[in-house]
Amino acid sequence: MFAYILRRILYIVPIALGVTLLVFLLVHIAPGDPLNAVVGPDAPAEVVEQLRRSYGFDRPLPIQYLIYLGNVLSGDLGQSVATGRPVIADLGRALGNTLILSVGAAIVGFSSGILLGALAGWHRGGLVDRLATLLTLIGVSVPHYWLGMVLVIVMAVELNVLPAMGMAPGGATGWAFTGTHLAHAVLPVLTMSVIPMGIVARSVRATVADVLHQEFVQALRAKGLGRGPVLRHVVRNVAPTVVSVLGLQFGYLLGGSILIETVFSWPGTGFLLNEAIFKRDLPLLQGTILMLGLFFVLLNLVVDIAQAALDPRMRRT
Amino acid sequence: MTALHLLDPAPDVGGPHQPLLEVRNLTKHFPVRGPLWGAKPVARAVDGVSFAVAKGETLGVVGESGCGKSTTARLLMRLINPDSGTLTFDGEAVGSKLGLSLRDLRRRVQMVFQDSYASLNPRLTIADSLAFAPMVHGVSRRDAMAVAGELLGRVGLAPECFLGRYPHELSGGQRQRVNIARALALRPRLVILDEAVSALDKSVEAQVLTLLLELKKQLDLTYIFISHDLNVVHYIADRVLVMYLGKVAEVGPVEAIYGNPAHPYTRALFSARLSMDPDERTSAAPLQGDPPNPINPPSGCRFRTRCPHATSLCAEREPAPVDLGGGHLVACHLHEVAHG
Amino acid sequence: MSATAAKLPATAGPKPARSPGYWTKVGRRLLRDPVTMGCLAVLLAIVLAAVFADVLAPADPYKASMIRRLKPIGFPNHPLGTDELGRDMLTRLLYGGRMSLVMGIVPVLNALVIGGLLGIVAGFFGGRLNMAIMRTIDVLYAFPSVLLAVAISGALGSGLTNAIVALTIVFVPPLARIAETVTTQVRGMDFVDAARASGAGSLTIIRVHLLPNVLGPVFVYASSLISVSIILASGLSFLGLGVEPPRAEWGLMLNTLRQAIYVQPWVAVLPGALIFLTSICCNLASDGLRTAMEVKL
């Protein structure tokens, strides 16, 4: 097991490096001079040259990458061009806000998905299964940004029950577990939970149905085991796949929150990313994508290890 | 002139007394996933195997699962490349510049696989599957289709019924007949049958074995018949080769091996056969322990960990083949004492 | 030289000389599936509506009118209302379909070709080449698809071509992966060994034996990606990447109509409803295709 963990860690090191390389290259595939974001087009030539040297843009590309890598490893993600503040500070706060949404959506989406999927898989072909399949289909097909808008219309505009946007009244950006804050979180969390619910339900349903049909379950029943103990066995066999799907979905919730955060003006990493793109704030863009990407890689590592812990067959790879 | 004669079998070069196939020191090790540091372990699937196959005979190859029979078959066909060892076909070395090229070898040696379902492309009709090999070697499509029809006839399947069908529409026995037909499409002289009847029902197995014997006579073929079923090998083979853990344990004429097995492993194999006689009962298991790991085989004689007659010599030195007369060779120290 | 070997009796009754091919059987199975056929019909209708937008549209998609802003559904001359600049919604939806469908389908097709090629090469030749290709793909896999699409699109800038490039890159890894998995699986089967044993070259083996068995599953997987692609593409436009105003595209229309939800909510949600409909039909059709193609392998 230990050897497996070590192997997985060694495996992600080149991937993580690849991520940094990709993010680094993003800036350089962007059309136009990267410096245009820093200074206006009418800046005098000597100033531009000086800035070019101070940013290191005059050095050859591989050297620039190494400098960048060094900075990243020491925690320096540069300074936001728009605000002048260090990227990592803004990023930290935004990440916290996104986590609120992601964790909330994860809790709602995963639990409803597992419940729905398990019921559907157990009672295959029955009414519950049909209903669950329909809900699942909706879950994976709906454009979530549109769903957000619809929910806002229903809840905020027509019924005026919940607030339409922002994290708190007046656009404040601090979080607290108060009623108003929670009210602001309801719609975004619900919206974000729909897709994971669909995907988790579909996966759980398929895995449960598959495991139930395997011979060892029939053997257990032939032995005379009641539903409870059989259920325990089924859960143990379903767990590895489900854990893997859950992990992946959590990664998507974290990394893919930009659309929902835009709809609800939620001040998270997605919102930050949006701003970075439109203000051509390249350090902020780079830093955000890098953080989210590395987080995803780390999450995959944790999921792989958890899977191996749950499923002894996986340890061979 | 039938269409089958568009492709002629390779001519006989060395005469009836030259072995059709000579294998010397065939070795193949497979790298195995090991610890992150240190030496990478290897599975020694085939380790220094040598034997010869005479023209027109059927050589049976027996052994437990994992002894290297199938790997040897694939090495002979060069579907896998050996780490070392030589192959000589009718006096010509395979792979060397002056000898046979791989393409030439493929015209002379063909193989019939075991799993009769995965051995036919599910997307091709029987006709297409059979015509594929001739077309690769330059035969026109029309002629190749004629060849396909003829081959089906030879293996006992009516061409008009089967040419246009797909593999999943055929029964196991029918598919295996198609496999045999496919192996014959290039007019080989040597056919390797790797567990070719193992997956079939007994009655179908008998039909296919009869077919194989017929074809051997009609087309002047030589067979290497790999199987774990000792009864079938007894029925069909002229000589038998016994393999254990990648090495040759014993080889000889079929009656000598079956009537007078010399190697302790061979003896154990035969004593494991169930008898139809109710008075003959097996009281003790013929062999103790599990087959050892090809990754870390025992030193010296590989069978010594399960051999009831093992001595200290067996742990030190690998036994060299000893000739017991009449073409019967055994690799065991016990027989060295008497004959060596 | 007649075969005196045991002749198997031909099954009773006259048999057709040729069995229906694989695709014929798939087609027949599809035709018997009402759900899938229904979805395919709807999708066909949407595609045709988009293609023939010039003929079907009642108005000019770019003609704005400040006095006619945000009129509701059922307004005279504007059956589906007007948008925030007074343009006819029905017209914009028809023309928007073109952009959305193109942005949805083209990247998947591109990725099918590129990813499929990479995966098949990696799977067939194995070894170091496989590792090199798949490890590089894994780096792209390290990003959630939305993030990757936004990142590449954001770096390249907005615009239709840039969005298509970004989405193609997003879809290459999953298609490459499945192509590699299936190819490796098929490569290990005995019939491929038999083909090698008959002396065929690699290209012939790939063409005759590998591709027919690999393309099926890969194609089904690609079809399931189309709905994702449409949603992602419209999502990019929703964020302001992708198609630029004043062009019509469903995601972009959702964006510009966002403020309108307070005034004319049901007009504002129309573009998204179409994305939803297309997506559901694509998913159901893809599932139906997968079931129809479930031939024993």
# chains A, B, ... in the order shown; residues from 1 in each chain; ligands from 1
$ residues_around --residues "range 169-177 of chain C" --least-positions-apart "5" --cutoff "10 Å" --atoms "only C-alpha atoms" --output "NGL selection string"
:C and (107-123 or 133-134 or 136-141 or 143-150 or 152 or 163-164 or 182-183 or 218-219 or 221-222 or 225-226 or 228-229)
$ closest_atom_pairs --of "chain C" --to "chain A" --cutoff "8 Å" --atoms "only C-alpha atoms" --output "CSV"
residue,atom,partner,partner_atom,distance
C:Arg135,CA,A:Ile15,CA,7.8
C:Asp138,CA,A:Ile15,CA,7.1
C:Val139,CA,A:Ile15,CA,5.3
C:Leu140,CA,A:Val19,CA,7.8
C:Ala142,CA,A:Val297,CA,5.6
C:Phe143,CA,A:Gly293,CA,5.3
C:Pro144,CA,A:Tyr252,CA,5.5
C:Ser145,CA,A:Gly256,CA,7.6
C:Val146,CA,A:Gly256,CA,5.2
C:Leu147,CA,A:Gly256,CA,5.7
C:Ala151,CA,A:Ile289,CA,7.1
C:Ile152,CA,A:Leu26,CA,6.9
C:Gly154,CA,A:Ile277,CA,5.6
C:Ala155,CA,A:Ala30,CA,4.8
C:Leu156,CA,A:Ala30,CA,4.9
C:Gly157,CA,A:Ala30,CA,7.3
C:Ser227,CA,A:Ser141,CA,7.2
C:Val228,CA,A:Ser141,CA,7.9
C:Ile231,CA,A:Pro143,CA,5.8
C:Gly235,CA,A:Leu259,CA,7.1
C:Leu239,CA,A:Leu259,CA,7.3
C:Leu254,CA,A:Trp146,CA,7.6
C:Arg258,CA,A:Met149,CA,7.7
C:Ile261,CA,A:Ile153,CA,6.5
C:Tyr262,CA,A:Val157,CA,6.3
C:Pro265,CA,A:Ile153,CA,6.6
C:Val269,CA,A:Val150,CA,7.0
C:Gly272,CA,A:Trp146,CA,5.5
C:Ala273,CA,A:Trp146,CA,7.9
C:Ile275,CA,A:Pro143,CA,7.1
C:Phe276,CA,A:Val142,CA,5.2
C:Ser279,CA,A:Ser141,CA,5.3
C:Ile280,CA,A:Ser141,CA,5.2
C:Asn283,CA,A:Ser141,CA,7.1
$ write_last_selection --atoms "N, CA and C atoms" --output "short mmCIF file (atom, residue, chain, number, x, y, z; two decimals), in the first residue's frame"
data_model
loop_
_atom_site.label_atom_id
_atom_site.label_comp_id
_atom_site.auth_asym_id
_atom_site.auth_seq_id
_atom_site.Cartn_x
_atom_site.Cartn_y
_atom_site.Cartn_z
N ARG C 135 0.79 10.20 -21.38
CA ARG C 135 1.18 11.08 -20.29
C ARG C 135 0.94 12.54 -20.64
N ASP C 138 -2.53 13.22 -20.23
CA ASP C 138 -2.89 13.29 -18.82
C ASP C 138 -2.73 14.70 -18.26
N VAL C 139 -1.75 15.45 -18.78
CA VAL C 139 -1.58 16.80 -18.28
C VAL C 139 -2.81 17.63 -18.59
N LEU C 140 -3.33 17.45 -19.81
CA LEU C 140 -4.56 18.18 -20.15
C LEU C 140 -5.72 17.72 -19.29
N ALA C 142 -5.59 17.09 -16.36
CA ALA C 142 -5.46 17.59 -15.00
C ALA C 142 -6.38 18.77 -14.74
N PHE C 143 -7.03 19.26 -15.77
CA PHE C 143 -7.94 20.39 -15.58
C PHE C 143 -9.39 19.97 -15.79
N PRO C 144 -10.29 20.49 -14.95
CA PRO C 144 -11.70 20.26 -15.24
C PRO C 144 -12.04 20.94 -16.56
N SER C 145 -12.93 20.36 -17.34
CA SER C 145 -13.14 20.83 -18.71
C SER C 145 -13.55 22.30 -18.80
N VAL C 146 -14.43 22.73 -17.89
CA VAL C 146 -14.87 24.12 -17.95
C VAL C 146 -13.67 25.05 -17.78
N LEU C 147 -12.85 24.71 -16.80
CA LEU C 147 -11.69 25.55 -16.51
C LEU C 147 -10.76 25.61 -17.71
N ALA C 151 -9.88 28.85 -19.74
CA ALA C 151 -8.49 29.29 -19.72
C ALA C 151 -7.96 29.50 -21.13
N ILE C 152 -8.14 28.51 -21.98
CA ILE C 152 -7.61 28.62 -23.33
C ILE C 152 -8.34 29.72 -24.10
N GLY C 154 -9.88 32.22 -22.82
CA GLY C 154 -9.52 33.51 -22.25
C GLY C 154 -8.18 33.99 -22.75
N ALA C 155 -7.26 33.06 -22.89
CA ALA C 155 -5.93 33.45 -23.35
C ALA C 155 -5.96 33.84 -24.82
N LEU C 156 -6.70 33.08 -25.61
CA LEU C 156 -6.73 33.36 -27.04
C LEU C 156 -7.57 34.59 -27.37
N GLY C 157 -8.55 34.84 -26.53
CA GLY C 157 -9.44 35.94 -26.83
C GLY C 157 -10.76 35.42 -27.35
N SER C 227 -23.61 16.83 -26.46
CA SER C 227 -24.45 17.66 -25.59
C SER C 227 -23.57 18.48 -24.66
N VAL C 228 -22.51 17.87 -24.16
CA VAL C 228 -21.59 18.61 -23.28
C VAL C 228 -20.98 19.77 -24.04
N ILE C 231 -23.40 22.71 -24.48
CA ILE C 231 -23.57 23.46 -23.23
C ILE C 231 -22.32 24.27 -22.93
N GLY C 235 -21.90 28.16 -22.93
CA GLY C 235 -21.40 28.72 -21.68
C GLY C 235 -20.29 29.72 -21.94
N LEU C 239 -20.21 33.76 -21.08
CA LEU C 239 -19.22 34.50 -20.33
C LEU C 239 -18.62 35.64 -21.12
N LEU C 254 -28.46 34.49 -23.84
CA LEU C 254 -28.76 34.38 -22.42
C LEU C 254 -28.03 35.45 -21.63
N ARG C 258 -29.76 38.72 -19.48
CA ARG C 258 -29.77 38.48 -18.04
C ARG C 258 -30.51 39.55 -17.27
N ILE C 261 -34.44 39.52 -16.99
CA ILE C 261 -35.27 38.58 -16.24
C ILE C 261 -36.20 39.30 -15.28
N TYR C 262 -35.87 40.53 -14.97
CA TYR C 262 -36.78 41.27 -14.10
C TYR C 262 -37.95 41.85 -14.85
N PRO C 265 -39.26 37.85 -17.94
CA PRO C 265 -38.51 36.63 -17.62
C PRO C 265 -38.68 35.51 -18.63
N VAL C 269 -35.60 33.44 -20.86
CA VAL C 269 -35.13 32.06 -20.69
C VAL C 269 -35.25 31.23 -21.96
N GLY C 272 -32.01 29.46 -23.41
CA GLY C 272 -31.56 28.36 -22.56
C GLY C 272 -32.45 27.15 -22.69
N ALA C 273 -33.76 27.40 -22.87
CA ALA C 273 -34.66 26.27 -23.02
C ALA C 273 -34.30 25.46 -24.26
N ILE C 275 -31.27 25.25 -25.56
CA ILE C 275 -30.03 24.51 -25.27
C ILE C 275 -30.40 23.24 -24.52
N PHE C 276 -31.29 23.39 -23.55
CA PHE C 276 -31.72 22.27 -22.73
C PHE C 276 -32.34 21.18 -23.60
N SER C 279 -29.80 19.46 -25.74
CA SER C 279 -28.94 18.63 -24.91
C SER C 279 -29.62 17.33 -24.52
N ILE C 280 -30.87 17.42 -24.07
CA ILE C 280 -31.58 16.19 -23.68
C ILE C 280 -31.70 15.24 -24.86
N ASN C 283 -28.42 13.56 -25.58
CA ASN C 283 -28.10 12.52 -24.60
C ASN C 283 -28.90 11.26 -24.82
#
$ residues_around --residues "Arg142 in chain B" --least-positions-apart "6" --cutoff "12 Å" --atoms "only C-alpha atoms" --output "PDB file with N, CA and C atoms, in the first residue's frame"
ATOM      1  N   ALA B   3      -8.476 -23.721 -56.862  1.00  0.00           N
ATOM      2  CA  ALA B   3      -8.000 -22.389 -56.494  1.00  0.00           C
ATOM      3  C   ALA B   3      -6.932 -22.471 -55.421  1.00  0.00           C
ATOM      4  N   LEU B   6      -3.263 -21.909 -56.058  1.00  0.00           N
ATOM      5  CA  LEU B   6      -2.678 -20.613 -56.386  1.00  0.00           C
ATOM      6  C   LEU B   6      -1.521 -20.316 -55.459  1.00  0.00           C
ATOM      7  N   ALA B 127     -16.006 -15.465 -45.093  1.00  0.00           N
ATOM      8  CA  ALA B 127     -15.284 -15.371 -46.369  1.00  0.00           C
ATOM      9  C   ALA B 127     -14.153 -14.358 -46.277  1.00  0.00           C
ATOM     10  N   ASP B 128     -14.452 -13.180 -45.725  1.00  0.00           N
ATOM     11  CA  ASP B 128     -13.422 -12.146 -45.619  1.00  0.00           C
ATOM     12  C   ASP B 128     -12.283 -12.593 -44.731  1.00  0.00           C
ATOM     13  N   ALA B 131     -10.208 -15.051 -46.673  1.00  0.00           N
ATOM     14  CA  ALA B 131      -9.543 -14.509 -47.855  1.00  0.00           C
ATOM     15  C   ALA B 131      -8.442 -13.527 -47.489  1.00  0.00           C
ATOM     16  N   PHE B 132      -8.417 -13.070 -46.255  1.00  0.00           N
ATOM     17  CA  PHE B 132      -7.474 -12.031 -45.847  1.00  0.00           C
ATOM     18  C   PHE B 132      -6.023 -12.421 -46.099  1.00  0.00           C
ATOM     19  N   PRO B 134      -4.528 -14.850 -48.029  1.00  0.00           N
ATOM     20  CA  PRO B 134      -4.101 -14.934 -49.420  1.00  0.00           C
ATOM     21  C   PRO B 134      -3.984 -13.566 -50.084  1.00  0.00           C
ATOM     22  N   MET B 135      -4.939 -12.676 -49.780  1.00  0.00           N
ATOM     23  CA  MET B 135      -4.874 -11.348 -50.424  1.00  0.00           C
ATOM     24  C   MET B 135      -3.636 -10.601 -49.985  1.00  0.00           C
ATOM     25  N   ALA B 148     -11.231 -19.397 -50.320  1.00  0.00           N
ATOM     26  CA  ALA B 148     -12.001 -19.462 -49.073  1.00  0.00           C
ATOM     27  C   ALA B 148     -13.074 -20.537 -49.158  1.00  0.00           C
ATOM     28  N   GLY B 149     -13.769 -20.566 -50.269  1.00  0.00           N
ATOM     29  CA  GLY B 149     -14.818 -21.571 -50.429  1.00  0.00           C
ATOM     30  C   GLY B 149     -14.267 -22.974 -50.369  1.00  0.00           C
TER      31      GLY B 149
END
$ select_by_dssp --residues "range 226-304 of chain B" --states "alpha helix (DSSP H)" --output "PyMOL selection string"
chain B and resi 230-236+254-259+264-271
$ residues_around --residues "Ile46 in chain C" --least-positions-apart "4" --cutoff "9 Å" --atoms "only C-alpha atoms" --output "list in words"
Ala41, Val42, Ala50, Val51, Leu94, Gly97 and Thr278 of chain C
$ closest_residue --among "C:Tyr62, C:Phe125, C:Phe191, C:Trp266" --to "chain B" --atoms "only C-alpha atoms"
C:Phe191
$ select_by_dssp --residues "range 30-100 of chain C" --states "strand (DSSP E or B)" --output "list of chain:residue names"
C:Phe75, C:His78, C:Thr82, C:Asp88
$ interface_residues --of "chain B" --to "chain C" --cutoff "7 Å" --atoms "only C-alpha atoms" --output "list of chain:residue names"
B:Met77, B:Leu79, B:Arg103, B:Arg106, B:Gln110, B:Phe113, B:Ala118, B:Ser119, B:Leu120, B:Asn121, B:Pro122, B:Arg123, B:Ala133, B:Val136, B:Gly153, B:Arg154, B:Val155, B:Gly156, B:Leu157, B:Glu160, B:Cys161, B:Gly164, B:Arg165, B:Gln207, B:Thr210, B:Leu211, B:Glu214
$ atom_distance --atom1 "CA of Arg281 in chain B" --atom2 "CA of Leu230 in chain B"
18.3 Å
$ residues_around --residues "range 207-216 of chain A" --least-positions-apart "2" --cutoff "9 Å" --atoms "only C-alpha atoms" --output "list in words"
Gly117, Ala118, Ala120, Gly121, Trp122, His123, Arg124, Arg202, Ser203, Val204, Arg205, Gln218, Ala219, Leu220, Arg221, Val234, Val235, Asn237, Val238, Thr241 and Val242 of chain A
$ write_last_selection --atoms "N, CA and C atoms" --output "PDB file, in the first residue's frame"
ATOM      1  N   GLY A 117     -29.631   7.197  -6.856  1.00  0.00           N
ATOM      2  CA  GLY A 117     -28.992   6.129  -7.617  1.00  0.00           C
ATOM      3  C   GLY A 117     -29.146   4.782  -6.946  1.00  0.00           C
ATOM      4  N   ALA A 118     -28.982   4.773  -5.617  1.00  0.00           N
ATOM      5  CA  ALA A 118     -29.085   3.504  -4.904  1.00  0.00           C
ATOM      6  C   ALA A 118     -30.500   2.942  -5.007  1.00  0.00           C
ATOM      7  N   ALA A 120     -32.687   3.558  -7.297  1.00  0.00           N
ATOM      8  CA  ALA A 120     -32.942   3.149  -8.677  1.00  0.00           C
ATOM      9  C   ALA A 120     -32.257   1.826  -8.981  1.00  0.00           C
ATOM     10  N   GLY A 121     -31.021   1.677  -8.533  1.00  0.00           N
ATOM     11  CA  GLY A 121     -30.280   0.458  -8.834  1.00  0.00           C
ATOM     12  C   GLY A 121     -30.857  -0.751  -8.119  1.00  0.00           C
ATOM     13  N   TRP A 122     -31.330  -0.535  -6.914  1.00  0.00           N
ATOM     14  CA  TRP A 122     -31.877  -1.637  -6.134  1.00  0.00           C
ATOM     15  C   TRP A 122     -33.198  -2.102  -6.730  1.00  0.00           C
ATOM     16  N   HIS A 123     -34.054  -1.128  -7.102  1.00  0.00           N
ATOM     17  CA  HIS A 123     -35.376  -1.479  -7.615  1.00  0.00           C
ATOM     18  C   HIS A 123     -35.413  -1.320  -9.123  1.00  0.00           C
ATOM     19  N   ARG A 124     -34.452  -1.980  -9.752  1.00  0.00           N
ATOM     20  CA  ARG A 124     -34.295  -1.768 -11.176  1.00  0.00           C
ATOM     21  C   ARG A 124     -35.578  -2.034 -11.949  1.00  0.00           C
ATOM     22  N   ARG A 202     -26.427   8.559 -11.737  1.00  0.00           N
ATOM     23  CA  ARG A 202     -26.276   7.629 -12.864  1.00  0.00           C
ATOM     24  C   ARG A 202     -25.209   6.599 -12.572  1.00  0.00           C
ATOM     25  N   SER A 203     -24.091   7.064 -12.016  1.00  0.00           N
ATOM     26  CA  SER A 203     -22.998   6.150 -11.736  1.00  0.00           C
ATOM     27  C   SER A 203     -23.364   5.156 -10.650  1.00  0.00           C
ATOM     28  N   VAL A 204     -23.986   5.660  -9.569  1.00  0.00           N
ATOM     29  CA  VAL A 204     -24.355   4.781  -8.469  1.00  0.00           C
ATOM     30  C   VAL A 204     -25.358   3.736  -8.940  1.00  0.00           C
ATOM     31  N   ARG A 205     -26.319   4.188  -9.722  1.00  0.00           N
ATOM     32  CA  ARG A 205     -27.332   3.257 -10.209  1.00  0.00           C
ATOM     33  C   ARG A 205     -26.700   2.126 -11.003  1.00  0.00           C
ATOM     34  N   GLN A 218     -25.698 -13.415  -5.163  1.00  0.00           N
ATOM     35  CA  GLN A 218     -26.632 -14.537  -5.157  1.00  0.00           C
ATOM     36  C   GLN A 218     -26.183 -15.590  -4.166  1.00  0.00           C
ATOM     37  N   ALA A 219     -24.853 -15.757  -4.075  1.00  0.00           N
ATOM     38  CA  ALA A 219     -24.333 -16.729  -3.107  1.00  0.00           C
ATOM     39  C   ALA A 219     -24.666 -16.302  -1.687  1.00  0.00           C
ATOM     40  N   LEU A 220     -24.538 -14.989  -1.413  1.00  0.00           N
ATOM     41  CA  LEU A 220     -24.860 -14.497  -0.083  1.00  0.00           C
ATOM     42  C   LEU A 220     -26.320 -14.739   0.247  1.00  0.00           C
ATOM     43  N   ARG A 221     -27.158 -14.453  -0.732  1.00  0.00           N
ATOM     44  CA  ARG A 221     -28.590 -14.647  -0.474  1.00  0.00           C
ATOM     45  C   ARG A 221     -28.909 -16.117  -0.282  1.00  0.00           C
ATOM     46  N   VAL A 234     -22.766  -5.098  -0.480  1.00  0.00           N
ATOM     47  CA  VAL A 234     -22.937  -4.337  -1.729  1.00  0.00           C
ATOM     48  C   VAL A 234     -22.235  -2.992  -1.612  1.00  0.00           C
ATOM     49  N   VAL A 235     -22.427  -2.342  -0.462  1.00  0.00           N
ATOM     50  CA  VAL A 235     -21.812  -1.030  -0.275  1.00  0.00           C
ATOM     51  C   VAL A 235     -20.288  -1.116  -0.409  1.00  0.00           C
ATOM     52  N   ASN A 237     -18.587  -3.039  -2.146  1.00  0.00           N
ATOM     53  CA  ASN A 237     -18.148  -3.219  -3.526  1.00  0.00           C
ATOM     54  C   ASN A 237     -18.451  -2.022  -4.401  1.00  0.00           C
ATOM     55  N   VAL A 238     -19.455  -1.280  -4.008  1.00  0.00           N
ATOM     56  CA  VAL A 238     -19.834  -0.105  -4.788  1.00  0.00           C
ATOM     57  C   VAL A 238     -18.935   1.075  -4.443  1.00  0.00           C
ATOM     58  N   THR A 241     -15.838   2.714  -6.797  1.00  0.00           N
ATOM     59  CA  THR A 241     -16.263   3.468  -7.974  1.00  0.00           C
ATOM     60  C   THR A 241     -16.928   4.770  -7.578  1.00  0.00           C
ATOM     61  N   VAL A 242     -17.807   4.687  -6.569  1.00  0.00           N
ATOM     62  CA  VAL A 242     -18.545   5.877  -6.166  1.00  0.00           C
ATOM     63  C   VAL A 242     -17.594   6.938  -5.629  1.00  0.00           C
TER      64      VAL A 242
END
$ atom_distance --atom1 "CA of Pro292 in chain B" --atom2 "CA of Pro308 in chain B"
15.5 Å
$ atom_distance --atom1 "CA of Gly240 in chain C" --atom2 "CA of Ser158 in chain C"
7.1 Å
$ closest_residue --among "B:Leu87, B:Ala54, B:Val32, B:Leu241" --to "chain A" --atoms "only C-alpha atoms"
B:Val32
$ decode --residues "range 272-287 of chain C" --atoms "N, CA and C atoms" --output "PDB file, in the first residue's frame"
ATOM      1  N   GLY C 272     -32.011  29.465 -23.405  1.00  0.00           N
ATOM      2  CA  GLY C 272     -31.557  28.364 -22.560  1.00  0.00           C
ATOM      3  C   GLY C 272     -32.448  27.146 -22.689  1.00  0.00           C
ATOM      4  N   ALA C 273     -33.756  27.401 -22.869  1.00  0.00           N
ATOM      5  CA  ALA C 273     -34.662  26.268 -23.019  1.00  0.00           C
ATOM      6  C   ALA C 273     -34.300  25.464 -24.260  1.00  0.00           C
ATOM      7  N   LEU C 274     -33.884  26.172 -25.317  1.00  0.00           N
ATOM      8  CA  LEU C 274     -33.489  25.453 -26.536  1.00  0.00           C
ATOM      9  C   LEU C 274     -32.212  24.659 -26.322  1.00  0.00           C
ATOM     10  N   ILE C 275     -31.272  25.250 -25.563  1.00  0.00           N
ATOM     11  CA  ILE C 275     -30.033  24.511 -25.274  1.00  0.00           C
ATOM     12  C   ILE C 275     -30.396  23.237 -24.515  1.00  0.00           C
ATOM     13  N   PHE C 276     -31.295  23.393 -23.547  1.00  0.00           N
ATOM     14  CA  PHE C 276     -31.716  22.273 -22.729  1.00  0.00           C
ATOM     15  C   PHE C 276     -32.335  21.177 -23.605  1.00  0.00           C
ATOM     16  N   LEU C 277     -33.241  21.588 -24.472  1.00  0.00           N
ATOM     17  CA  LEU C 277     -33.922  20.619 -25.331  1.00  0.00           C
ATOM     18  C   LEU C 277     -32.919  19.871 -26.208  1.00  0.00           C
ATOM     19  N   THR C 278     -32.047  20.627 -26.855  1.00  0.00           N
ATOM     20  CA  THR C 278     -31.049  19.991 -27.720  1.00  0.00           C
ATOM     21  C   THR C 278     -30.197  19.023 -26.919  1.00  0.00           C
ATOM     22  N   SER C 279     -29.802  19.459 -25.736  1.00  0.00           N
ATOM     23  CA  SER C 279     -28.940  18.630 -24.914  1.00  0.00           C
ATOM     24  C   SER C 279     -29.620  17.325 -24.518  1.00  0.00           C
ATOM     25  N   ILE C 280     -30.870  17.419 -24.073  1.00  0.00           N
ATOM     26  CA  ILE C 280     -31.583  16.194 -23.683  1.00  0.00           C
ATOM     27  C   ILE C 280     -31.702  15.243 -24.864  1.00  0.00           C
ATOM     28  N   CYS C 281     -32.076  15.787 -26.014  1.00  0.00           N
ATOM     29  CA  CYS C 281     -32.244  14.907 -27.182  1.00  0.00           C
ATOM     30  C   CYS C 281     -30.920  14.257 -27.568  1.00  0.00           C
ATOM     31  N   CYS C 282     -29.833  15.029 -27.513  1.00  0.00           N
ATOM     32  CA  CYS C 282     -28.525  14.446 -27.837  1.00  0.00           C
ATOM     33  C   CYS C 282     -28.186  13.326 -26.872  1.00  0.00           C
ATOM     34  N   ASN C 283     -28.420  13.557 -25.582  1.00  0.00           N
ATOM     35  CA  ASN C 283     -28.098  12.523 -24.598  1.00  0.00           C
ATOM     36  C   ASN C 283     -28.904  11.259 -24.816  1.00  0.00           C
ATOM     37  N   LEU C 284     -30.209  11.441 -25.012  1.00  0.00           N
ATOM     38  CA  LEU C 284     -31.059  10.259 -25.209  1.00  0.00           C
ATOM     39  C   LEU C 284     -30.696   9.523 -26.491  1.00  0.00           C
ATOM     40  N   ALA C 285     -30.435  10.283 -27.557  1.00  0.00           N
ATOM     41  CA  ALA C 285     -30.085   9.643 -28.824  1.00  0.00           C
ATOM     42  C   ALA C 285     -28.772   8.887 -28.682  1.00  0.00           C
ATOM     43  N   SER C 286     -27.821   9.484 -27.973  1.00  0.00           N
ATOM     44  CA  SER C 286     -26.531   8.832 -27.785  1.00  0.00           C
ATOM     45  C   SER C 286     -26.699   7.537 -26.991  1.00  0.00           C
ATOM     46  N   ASP C 287     -27.536   7.584 -25.941  1.00  0.00           N
ATOM     47  CA  ASP C 287     -27.793   6.364 -25.178  1.00  0.00           C
ATOM     48  C   ASP C 287     -28.428   5.295 -26.054  1.00  0.00           C
TER      49      ASP C 287
END
